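All remarks here apply to the structure that follows.
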Amino acid sequence: MLDQNFRIAELNPAALRMLGLKEGGVTGQSITAVFPFWEDAALDQAFFDQNQSLEFYYEHGGQYRYLEVHNDTIKSNLLDAVGTMLILYDVTDRKLAEKARQMSDDRYRTIFETDSAATIILEEDMTISLANDQFARLAGYPRQELEGKKKWTTFVHPEDVEVMKEYHIKRRQNERDLPDKYEFRFVDRYGRTKDVFVSVAMVPDSRISIASMLDITDRKLAEQLLQQRATDLEAAVRSEQERSAIILRSVKDAIALSNLSYKIVYVNPAFTQLSGYSQEEALGQSANFILNGRVPLPIWRSLQGAIVDQTVWEGELQLKRQDGTVYDAAVLVAPVRDGHGLLIGYVSSHRDITEAKRLEESRRRFVTNISHELRTPVTNIKLYTELLNRHFDNNRRERYFATLDDQIERLESIIQNSLEIVYLEDEQKELHRETIHWEMLSESLHTRLQPQAAEKNITLRFAPQIAQLPPIIGDPQRISQAIYELIHNAISFTPTGGQVDVTGQVKQEQSSHYLTLSVSDNGPGIVPAEQARVFDRFYRGRQAESAQIPGTGLGLSMVTLIAQAHNGRLTLHSHPGEGSTFTLWFPLN
């Protein structure tokens, strides 16, 4: 309470606590001494005269408070003013709440206006109550034509309207499992359709929602282009993979792919066919699992160096099939890289060169042997020609001429047989083929070879059933040549008084039928150690060397080639001291 001079007459306890004062410490003091915000009471005389209320920011003892002050005049019984009563209210919490709300409203409006997304506030009836500039640009309308005037569904594609309405209604019914982020088709003022991504949220304790939208038309177009590009690339990759798979399946070389741990991850059909391992048996195996034991150290170092340097390696290795048989292989190992050039594994290819090496070794031996075989008659011819030049009138002249004839005949035989073998080995050469009748062929051979047999008192017999053998299609000259060679060899190795038999019959092996012609003798036979080599070119066994039986060692090689040219084969059955039987097999089908 204040007296007429605006001095404090009384403060109740609540006022003392509110102002942070002690009782009796302010009584009689001017109000300006207690409330510094009243620097001059006269300036606020109107406040006291008009019974107004004011708000003040008050600080006392480090405490900051908002105060609301109401005044009322105190009058005597004579209605004379005797003082003023001030009623104080602490409105600090209310003022702070108002400030916080104002700050929140300002902050929210700032965010709403500056948001990069097109944002709107929707009423329950789908009216747009507020829209930012980004939404106005998206819709093609100024904000004053949107806010409070346009429905949300105005901008929804007709085919999407029902779904959007359903979302709007159910969201206000607090139904769960509604999407709060989704895409829809937005139609602007000019009828242009745009792809839009929207995020929707309800304002707490209201039926108002906020929707923020992003125009994703360009992104969707880019996604479509990327998807089409991905589809095209996938098709191209699939086509390339199929083409590569066809190539890998069709190539004759055995191909194996391994990863960086040297584990096999792919093998082609040629690999399984050549190695005998199925794909299941090969996958996951170490890449060197088909090696035949230890690799020679120089080759191993060379291979390891290529792997470390990530370069291509080529060489020969000996490999082992699933059944344990061994073959020589020409091998290539190369690094495999991805599209960024990073090493991802290795590819190896190999092919069986066993036969090629055998042929090369056979060719080498052939050249070596024929050189040796030719040297002897050529040397003898030169020698006896020189002797004839020196001693032409000598009584040895006839013997010199006989020796020359023998050596020339031997030389001619070597050359002829060598040419025959070259001809038969040439796969481009086609044999003359016609129906072969065995009766005529056997009679011709008997006539030609009987004198040789008679000279050694050897019995030469052709079995009668040969004439009844079924005819085959072949080259009569070559087949006659092969049988002649077998009979000639038999006569040569059969001692005087021996016997040579030529027989024929039809035999069955599994589901195939063969016509067989066998030439048997009762000579010394062939020891087991030599039986595998008698078919080698220029090979002449111990019997031929010790008995000085003439020949070039090419006959059985030539017979083998003739049999193979007719899809047949030549076999041998012999025991030392019991003679030998050579058999020609010709398929009847």
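Ligands are numbered from 1 in the order shown, chains are lettered A, B, ... in the order of the structure tokens, and residues start at 1 in each chain.
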
Please provide the set of residues having any atom within 7 Å of Tyr66 of chain A, restricted to only C-alpha atoms, with same-chain residues fewer than 2 positions apart removed, written as a VMD selection string. chain A and resid 55 to 58 68 90 to 92

Could you turn the residues from that selection into a file that holds N, CA and C atoms, as an mmCIF file, in the first residue's frame?
```cif
data_model
loop_
_atom_site.group_PDB
_atom_site.id
_atom_site.type_symbol
_atom_site.label_atom_id
_atom_site.label_comp_id
_atom_site.auth_asym_id
_atom_site.auth_seq_id
_atom_site.Cartn_x
_atom_site.Cartn_y
_atom_site.Cartn_z
ATOM 1 N N GLU A 55 3.025 -3.959 -16.973
ATOM 2 C CA GLU A 55 3.947 -5.085 -16.799
ATOM 3 C C GLU A 55 5.362 -4.536 -16.709
ATOM 4 N N PHE A 56 6.138 -5.137 -15.800
ATOM 5 C CA PHE A 56 7.508 -4.679 -15.594
ATOM 6 C C PHE A 56 8.449 -5.887 -15.546
ATOM 7 N N TYR A 57 9.660 -5.633 -16.008
ATOM 8 C CA TYR A 57 10.725 -6.634 -15.903
ATOM 9 C C TYR A 57 11.528 -6.227 -14.692
ATOM 10 N N TYR A 58 11.551 -7.071 -13.672
ATOM 11 C CA TYR A 58 12.077 -6.681 -12.375
ATOM 12 C C TYR A 58 13.248 -7.578 -12.017
ATOM 13 N N GLU A 68 3.261 -8.041 -13.130
ATOM 14 C CA GLU A 68 2.101 -7.306 -13.638
ATOM 15 C C GLU A 68 1.499 -6.555 -12.444
ATOM 16 N N ASP A 90 3.045 -12.167 -10.303
ATOM 17 C CA ASP A 90 4.268 -12.706 -10.966
ATOM 18 C C ASP A 90 3.824 -13.463 -12.229
ATOM 19 N N VAL A 91 4.114 -12.871 -13.385
ATOM 20 C CA VAL A 91 3.696 -13.488 -14.677
ATOM 21 C C VAL A 91 4.916 -13.998 -15.453
ATOM 22 N N THR A 92 5.958 -14.309 -14.707
ATOM 23 C CA THR A 92 7.208 -14.743 -15.375
ATOM 24 C C THR A 92 6.981 -15.984 -16.241
#
```

Any chance you could list, as a PyMOL selection string, the residues in segment 206-424 of chain A that come up helix (DSSP H, G or I) when DSSP is run on the backbone? chain A and resi 217-250+269-275+279-282+297-309+354-390+397-424

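The shortest atom-to-atom distance to Gln508 of chain A, with only C-alpha atoms taken into account, belongs to A:Pro587 out of A:Gly568, A:Pro158, A:Pro587, A:Pro142.
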
Show me, as a list in words, the residues that have an atom within 9 Å of segment 376-385 of chain A when counting only C-alpha atoms, minus same-chain residues fewer than 6 positions from it. Tyr400, Phe401, Thr403, Leu404, Asp405, Asp406, Gln407, Ile408, Arg410 and Leu411 of chain A

Output for the residues just chosen: C-alpha atoms as a PDB file, in the first residue's frame:
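Saved result, selection_18.pdb, follows:
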```
ATOM      1  CA  TYR A 400      80.957-106.606-107.892  1.00  0.00           C
ATOM      2  CA  PHE A 401      78.018-106.203-110.263  1.00  0.00           C
ATOM      3  CA  THR A 403      76.660-106.661-105.042  1.00  0.00           C
ATOM      4  CA  LEU A 404      75.770-103.414-106.773  1.00  0.00           C
ATOM      5  CA  ASP A 405      72.450-104.905-107.904  1.00  0.00           C
ATOM      6  CA  ASP A 406      71.667-105.996-104.336  1.00  0.00           C
ATOM      7  CA  GLN A 407      72.485-102.575-102.880  1.00  0.00           C
ATOM      8  CA  ILE A 408      70.550-100.714-105.564  1.00  0.00           C
ATOM      9  CA  ARG A 410      67.839-102.374-101.216  1.00  0.00           C
ATOM     10  CA  LEU A 411      68.081 -98.628-101.774  1.00  0.00           C
TER      11      LEU A 411
END
```

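Shell of Ala211 of chain A at 9 Å, with only C-alpha atoms counted and residues fewer than 2 places along the chain excluded, is Ala118, Thr119, Ile120, Ile121, Leu122, Val198, Ser199, Val200, Ala201, Met202, Ser209 and Met213 of chain A.
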